[in-house]
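The file structure05.txt contains compact mmCIF, C-alpha atoms:
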# COMPACT_ATOMS: atom_id res chain seq x y z
CA MET A 1 -14.52 10.35 12.42
CA GLU A 2 -11.20 8.65 13.00
CA ASP A 3 -7.49 9.45 12.72
CA ALA A 4 -6.38 6.50 10.59
CA TYR A 5 -3.25 5.23 8.85
CA VAL A 6 -3.92 2.60 6.20
CA LEU A 7 -1.90 0.45 3.82
CA GLN A 8 -3.73 -1.42 1.06
CA LEU A 9 -1.71 -3.75 -1.14
CA SER A 10 -2.06 -4.50 -4.86
CA ASN A 11 0.74 -7.03 -5.40
CA ARG A 12 0.49 -10.59 -4.13
CA LYS A 13 3.42 -13.00 -4.12
CA PHE A 14 2.24 -15.57 -1.58
CA SER A 15 -0.83 -17.82 -1.61
CA GLU A 16 -1.24 -19.80 1.64
CA LEU A 17 -1.35 -16.60 3.73
CA TYR A 18 -1.04 -13.06 2.43
CA LEU A 19 -1.57 -9.53 3.65
CA CYS A 20 -4.39 -7.57 1.99
CA PHE A 21 -4.36 -4.39 4.08
CA CYS A 22 -3.55 -3.14 7.55
CA GLY A 23 -4.00 0.01 9.58
CA TYR A 24 -4.13 1.90 12.84
CA SER A 25 -6.99 4.15 14.02
CA LYS A 26 -7.69 6.50 16.89
CA CYS A 27 -11.47 6.94 16.83
CA GLU A 28 -13.71 9.81 17.83
CA PRO A 29 -16.61 9.06 20.22
CA LEU A 30 -19.27 6.86 18.59
CA HIS A 31 -17.30 6.51 15.36
CA SER A 32 -18.66 3.43 13.57
CA PHE A 33 -18.14 1.24 10.53
CA GLY A 34 -20.90 -0.70 8.80
CA PRO A 35 -23.14 -2.52 8.57
CA ALA A 36 -20.87 -3.93 5.87
CA VAL A 37 -19.23 -7.06 4.55
CA ARG A 38 -15.51 -7.44 3.95
CA PRO A 39 -13.77 -9.33 1.11
CA ALA A 40 -11.03 -10.79 3.35
CA TYR A 41 -10.47 -11.92 6.92
CA LEU A 42 -9.88 -9.04 9.30
CA ILE A 43 -8.55 -8.94 12.87
CA HIS A 44 -8.94 -5.83 15.04
CA TYR A 45 -6.99 -5.46 18.27
CA ILE A 46 -7.91 -2.75 20.79
CA LEU A 47 -4.96 -0.79 22.19
CA LYS A 48 -6.93 1.70 24.30
CA GLY A 49 -10.54 2.52 25.14
CA LYS A 50 -13.58 0.41 24.41
CA GLY A 51 -16.45 -0.15 21.98
CA ARG A 52 -18.97 -2.64 20.64
CA TYR A 53 -18.89 -5.26 17.90
CA TYR A 54 -22.15 -6.52 16.35
CA ILE A 55 -22.53 -9.61 14.19
CA GLU A 56 -26.05 -10.66 13.19
CA ASP A 57 -28.05 -10.50 16.46
CA THR A 58 -25.06 -10.76 18.84
CA ARG A 59 -23.33 -7.83 20.53
CA TYR A 60 -19.89 -7.90 22.14
CA SER A 61 -18.68 -5.14 24.48
CA LEU A 62 -14.89 -4.99 24.16
CA LYS A 63 -12.02 -3.07 25.76
CA ALA A 64 -8.24 -2.64 25.56
CA GLY A 65 -6.41 -5.95 25.37
CA GLN A 66 -9.20 -7.65 23.45
CA GLY A 67 -9.73 -8.17 19.74
CA PHE A 68 -12.25 -9.52 17.27
CA LEU A 69 -12.27 -11.46 14.01
CA ILE A 70 -14.36 -10.46 10.99
CA GLU A 71 -14.86 -13.20 8.41
CA PRO A 72 -15.31 -12.54 4.67
CA ASP A 73 -18.79 -11.63 3.48
CA VAL A 74 -20.34 -11.65 6.94
CA LEU A 75 -22.42 -8.58 7.80
CA THR A 76 -20.89 -6.76 10.79
CA PHE A 77 -21.01 -3.40 12.55
CA TYR A 78 -18.70 -1.91 15.17
CA GLN A 79 -18.70 1.37 17.07
CA ALA A 80 -16.44 3.26 19.47
CA ASP A 81 -17.65 4.06 22.98
CA ALA A 82 -19.18 7.51 23.59
CA ASP A 83 -17.00 8.28 26.64
CA ASP A 84 -13.86 6.21 26.10
CA PRO A 85 -13.54 5.62 22.33
CA TRP A 86 -11.18 2.89 21.28
CA GLU A 87 -7.86 3.07 19.54
CA TYR A 88 -7.15 -0.06 17.52
CA LEU A 89 -5.03 -1.66 14.86
CA TRP A 90 -6.20 -4.06 12.19
CA VAL A 91 -4.80 -6.58 9.75
CA GLY A 92 -6.68 -7.91 6.72
CA PHE A 93 -5.48 -11.17 5.20
CA ASN A 94 -6.49 -14.17 3.13
CA GLY A 95 -5.01 -17.35 1.67
CA THR A 96 -5.51 -21.06 1.15
CA ASN A 97 -4.47 -21.98 4.71
CA VAL A 98 -6.20 -19.18 6.62
CA GLY A 99 -8.65 -21.51 8.38
CA GLU A 100 -5.81 -23.62 9.79
CA TYR A 101 -3.81 -20.59 10.95
CA LEU A 102 -6.84 -19.05 12.64
CA ARG A 103 -7.52 -22.31 14.47
CA ASP A 104 -3.92 -22.25 15.69
CA VAL A 105 -4.62 -18.97 17.49
CA GLY A 106 -8.03 -20.09 18.76
CA LEU A 107 -10.30 -18.29 16.30
CA ASN A 108 -13.11 -19.64 14.13
CA SER A 109 -16.72 -18.90 13.18
CA GLU A 110 -17.91 -19.71 16.70
CA GLN A 111 -14.99 -18.04 18.51
CA LEU A 112 -14.64 -14.51 17.16
CA ILE A 113 -13.39 -12.73 20.31
CA PHE A 114 -9.98 -13.08 21.92
CA ARG A 115 -7.71 -11.55 24.53
CA ASN A 116 -3.98 -10.93 24.10
CA ASP A 117 -1.55 -9.36 26.57
CA TYR A 118 1.08 -8.36 24.03
CA GLY A 119 -0.48 -5.21 22.61
CA SER A 120 2.79 -3.31 22.30
CA GLU A 121 4.29 -6.13 20.21
CA LEU A 122 1.23 -6.27 17.97
CA LYS A 123 1.36 -2.49 17.46
CA HIS A 124 5.09 -2.61 16.66
CA THR A 125 4.41 -5.33 14.07
CA VAL A 126 1.59 -3.46 12.33
CA VAL A 127 3.52 -0.18 12.30
CA GLY A 128 6.33 -2.11 10.60
CA MET A 129 3.86 -3.24 7.94
CA LEU A 130 2.62 0.32 7.42
CA LYS A 131 6.14 1.64 6.88
CA ASP A 132 6.94 -0.89 4.14
CA THR A 133 4.86 0.85 1.46
CA THR A 134 6.75 -0.18 -1.68
CA SER A 135 6.20 -3.39 -3.65
CA SER A 136 9.85 -4.39 -3.96
CA ILE A 137 10.71 -8.07 -3.50
CA SER A 138 12.53 -7.21 -0.29
CA ASN A 139 9.51 -5.45 1.20
CA GLN A 140 7.12 -8.20 0.12
CA TYR A 141 9.18 -10.73 2.06
CA ALA A 142 9.50 -8.33 4.98
CA ARG A 143 5.72 -7.83 5.17
CA GLN A 144 5.16 -11.57 4.91
CA GLY A 145 7.52 -12.09 7.83
CA LEU A 146 5.67 -9.45 9.85
CA LEU A 147 2.35 -11.15 9.09
CA TYR A 148 3.67 -14.43 10.47
CA SER A 149 5.03 -12.52 13.47
CA PHE A 150 1.55 -11.09 14.04
CA PHE A 151 0.13 -14.62 14.21
CA ALA A 152 3.00 -15.74 16.44
CA ILE A 153 2.17 -12.98 18.94
CA LEU A 154 -1.52 -13.86 18.83
CA SER A 155 -0.69 -17.49 19.62
CA LYS A 156 1.17 -16.62 22.84
CA ASN A 157 -1.86 -16.53 25.10
CA THR A 158 -4.96 -17.01 22.98
CA ASN A 159 -7.16 -19.78 24.32
CA ILE A 160 -8.57 -22.29 21.85
CA SER A 161 -12.28 -22.91 22.37
CA ALA A 162 -14.32 -25.80 21.00
CA PRO A 163 -16.98 -24.75 18.48
CA GLN A 164 -20.56 -24.72 19.68
CA GLU A 165 -23.20 -26.91 18.08
CA GLN A 166 -25.52 -25.14 15.70
CA ASP A 167 -29.21 -25.74 15.18
CA GLY A 168 -30.33 -27.45 11.99
CA GLU A 169 -31.56 -24.34 10.19
CA ASN A 170 -28.31 -22.51 10.87
CA ILE A 171 -26.38 -25.47 9.43
CA HIS A 172 -28.34 -25.05 6.19
CA ILE A 173 -27.24 -21.41 6.05
CA ARG A 174 -23.62 -22.32 6.71
CA ARG A 175 -23.66 -24.93 3.94
CA ALA A 176 -25.29 -22.46 1.54
CA VAL A 177 -22.68 -19.80 2.32
CA GLU A 178 -19.93 -22.39 1.92
CA TYR A 179 -21.28 -23.32 -1.50
CA VAL A 180 -21.35 -19.69 -2.63
CA ARG A 181 -17.78 -19.09 -1.43
CA ASN A 182 -16.51 -22.15 -3.29
CA ASN A 183 -18.49 -21.62 -6.51
CA TYR A 184 -19.25 -17.89 -6.95
CA PHE A 185 -16.91 -17.76 -9.97
CA ASN A 186 -19.09 -20.31 -11.78
CA PRO A 187 -22.48 -19.44 -13.36
CA ILE A 188 -24.39 -20.84 -10.37
CA ARG A 189 -28.01 -19.96 -9.60
CA VAL A 190 -30.15 -20.02 -6.49
CA THR A 191 -31.56 -23.40 -7.54
CA ASP A 192 -28.02 -24.81 -7.45
CA ILE A 193 -27.56 -23.55 -3.89
CA ALA A 194 -30.87 -25.05 -2.79
CA LYS A 195 -29.97 -28.38 -4.39
CA TYR A 196 -26.61 -28.45 -2.60
CA VAL A 197 -28.23 -27.71 0.77
CA CYS A 198 -31.03 -30.24 0.04
CA VAL A 199 -33.94 -27.84 0.66
CA ASP A 200 -36.43 -26.29 -1.74
CA ARG A 201 -35.92 -22.77 -3.06
CA THR A 202 -38.78 -21.25 -1.04
CA TYR A 203 -37.44 -22.59 2.25
CA LEU A 204 -33.93 -21.43 1.36
CA TYR A 205 -35.30 -17.93 0.76
CA GLU A 206 -36.98 -17.98 4.19
CA LEU A 207 -33.76 -19.07 5.89
CA PHE A 208 -31.67 -16.34 4.23
CA ARG A 209 -34.20 -13.66 5.14
CA ARG A 210 -34.36 -14.90 8.74
CA TYR A 211 -30.62 -15.27 9.38
CA LEU A 212 -28.94 -12.86 6.95
CA ASP A 213 -31.75 -10.40 6.15
CA VAL A 214 -31.15 -10.78 2.40
CA SER A 215 -32.44 -13.15 -0.26
CA PRO A 216 -30.18 -15.92 -1.61
CA GLN A 217 -29.87 -14.02 -4.91
CA GLU A 218 -28.90 -10.81 -3.10
CA TYR A 219 -26.28 -12.69 -1.08
CA LEU A 220 -24.79 -14.27 -4.20
CA THR A 221 -24.69 -10.92 -6.02
CA ASN A 222 -23.19 -9.11 -3.03
CA TYR A 223 -20.54 -11.81 -2.65
CA ARG A 224 -19.54 -11.59 -6.30
CA LEU A 225 -19.39 -7.80 -6.31
CA THR A 226 -17.47 -7.64 -3.02
CA ARG A 227 -14.91 -10.01 -4.48
CA ALA A 228 -14.82 -7.94 -7.67
CA ALA A 229 -14.13 -4.77 -5.66
CA GLU A 230 -11.19 -6.52 -4.01
CA LEU A 231 -9.79 -7.62 -7.39
CA LEU A 232 -10.19 -4.10 -8.81
CA THR A 233 -8.17 -2.70 -5.92
CA LEU A 234 -5.53 -5.36 -5.43
CA THR A 235 -4.82 -6.71 -8.94
CA GLU A 236 -4.09 -5.53 -12.47
CA LEU A 237 -6.62 -7.92 -14.02
CA LYS A 238 -8.62 -6.57 -16.94
CA LEU A 239 -12.34 -5.95 -16.43
CA GLY A 240 -13.28 -8.92 -18.59
CA GLU A 241 -10.99 -11.17 -16.54
CA ILE A 242 -12.51 -9.91 -13.28
CA ALA A 243 -15.99 -10.47 -14.69
CA LEU A 244 -15.21 -14.11 -15.46
CA SER A 245 -13.47 -14.54 -12.10
CA CYS A 246 -16.64 -13.42 -10.32
CA GLY A 247 -19.24 -15.44 -12.20
CA TYR A 248 -20.27 -12.95 -14.91
CA GLN A 249 -20.31 -13.97 -18.56
CA ASN A 250 -18.82 -10.73 -19.86
CA ALA A 251 -17.58 -7.28 -18.87
CA TYR A 252 -20.88 -5.62 -19.86
CA SER A 253 -23.10 -7.62 -17.50
CA PHE A 254 -20.49 -7.26 -14.76
CA GLY A 255 -20.22 -3.49 -15.25
CA LYS A 256 -23.98 -3.07 -15.18
CA ALA A 257 -24.32 -5.02 -11.92
CA PHE A 258 -21.34 -3.28 -10.33
CA LYS A 259 -22.61 0.21 -11.15
CA ALA A 260 -26.07 -0.64 -9.80
CA LYS A 261 -24.43 -1.64 -6.50
CA GLN A 262 -21.62 0.92 -6.16
CA GLY A 263 -22.99 3.86 -8.13
CA ILE A 264 -19.90 4.06 -10.36
CA THR A 265 -18.35 1.91 -13.07
CA PRO A 266 -15.66 -0.67 -12.20
CA ALA A 267 -13.00 1.38 -13.96
CA LYS A 268 -13.84 4.56 -12.01
CA TYR A 269 -13.99 2.56 -8.77
CA ARG A 270 -10.48 1.24 -9.39
CA GLU A 271 -9.11 4.69 -10.21
CA LYS A 272 -10.83 6.44 -7.29
CA ASN A 273 -9.94 3.81 -4.68
CA ARG A 274 -6.27 3.62 -5.57
CA SER A 275 -5.70 7.37 -5.87
CA GLU A 276 -7.36 8.06 -2.51
CA ARG A 277 -5.25 5.44 -0.73
CA LYS A 278 -2.03 6.73 -2.31
CA GLU A 279 -2.74 10.37 -1.47
CA TYR A 280 -3.66 9.49 2.10
CA LEU A 281 -0.48 7.51 2.72
CA GLU A 282 1.71 10.22 1.23
CA SER A 283 0.04 13.02 3.22
CA HIS A 284 0.43 11.11 6.53
CA LYS A 285 3.92 9.71 6.01
CA ASP A 286 5.56 12.02 8.57
CA THR A 287 2.94 11.31 11.24
CA LEU A 288 3.27 7.60 10.64
CA GLU A 289 6.97 7.74 11.46
CA LYS A 290 6.05 8.95 14.97
CA LEU A 291 3.78 6.02 15.85
Could you write out this structure as structure tokens?
Amino acid sequence: MEDAYVLQLSNRKFSELYLCFCGYSKCEPLHSFGPAVRPAYLIHYILKGKGRYYIEDTRYSLKAGQGFLIEPDVLTFYQADADDPWEYLWVGFNGTNVGEYLRDVGLNSEQLIFRNDYGSELKHTVVGMLKDTTSSISNQYARQGLLYSFFAILSKNTNISAPQEQDGENIHIRRAVEYVRNNYFNPIRVTDIAKYVCVDRTYLYELFRRYLDVSPQEYLTNYRLTRAAELLTLTELKLGEIALSCGYQNAYSFGKAFKAKQGITPAKYREKNRSERKEYLESHKDTLEKL
């Protein structure tokens, strides 16, 4: 379990960089999250304690003063230490210029771990985000300013590392994932992915199973439905509009796929997710003021 304070946003005014959600957690021993994929970029920063972060077959042991980046639609798992569980804050974000801004603070697909000596400033910034819970124009600008402040603090002493070279097979996976991210809203098929990567469909299947432990079709479906879950939570788009935005021809086929994955219909998912977040924020408002 964890003692957590979370803000998830539904309105979006900015495009090049925007806040999706943020939070603060004090975890119980061995509290974990995942394995799961996220719809947006996510940075965790450890204020106290320690834990472990797993991505594919790599494990990172992390402690206070360190942080880690989670990229969209990448399978990850992280867990608090048994004896000294971590306390951390997190910021989820997305936007057209995210890659550039992450490079400015030394983070990319090959450099997911960082150290920063300004934990109190980062905490102050995230608590400020959590307190601005309304969607007024004033608060939207205030949160945007805090998001830029968060990146400014990260840039103070984060070292930029050159990306490592990848083996040929891994490059095929990266290109396939890139193609899905850029085209999931179109009616693409696995054969289209294989053609883009310049390998046959059988070999593409073998690569996905080896590196991602899913088939190309499963990855494409999971990507579309993860994006759909984000749109259900953060926008007022109609179900038919979300279906088209995620590569489904109509609301019926989208609803059928979504229910098979989530166990509930898209409409019930939207209602349940939003009501739970609202109730949680309201019930913890007084405690949040003390952070």
- Message: Which residues are close to Lys261 of chain A, i.e. within 12 Å by only C-alpha atoms, leaving aside same-chain residues fewer than 2 positions away? Reply as a list in words.
- Response: Glu218, Thr221, Asn222, Tyr223, Arg224, Leu225, Thr226, Ala228, Ala229, Phe254, Gly255, Lys256, Ala257, Phe258, Lys259, Gly263, Ile264, Thr265, Pro266 and Tyr269 of chain A
- Could you tell me which of A:Tyr41, A:Phe208, A:Tyr60, A:Phe33 comes closest to Tyr78 of chain A if we count all atoms listed in the file?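 Checking each candidate against Tyr78 of chain A, we get A:Phe33 as the closest.
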- Item | Selection: 9 Å around Arg175 of chain A, all atoms listed in the file, excl. self and same-chain fewer than 4 positions, as a PyMOL selection string | chain A and resi 170-171+179-180+193+196-197
- Task: Find the residues near His31 of chain A: any atom within 10 Å, counting all atoms listed in the file, skip ones fewer than 6 places away on the same chain, and give them as a VMD selection string.
- Result: chain A and resid 1 to 2 51 78 to 82 85 to 86
- Item | Selected residue of minimal separation from Arg38 of chain A among A:Ile70, A:Leu17, A:Ala64, A:Ile173, counting all atoms listed in the file |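 Among the listed residues, A:Ile70 lies closest to Arg38 of chain A.
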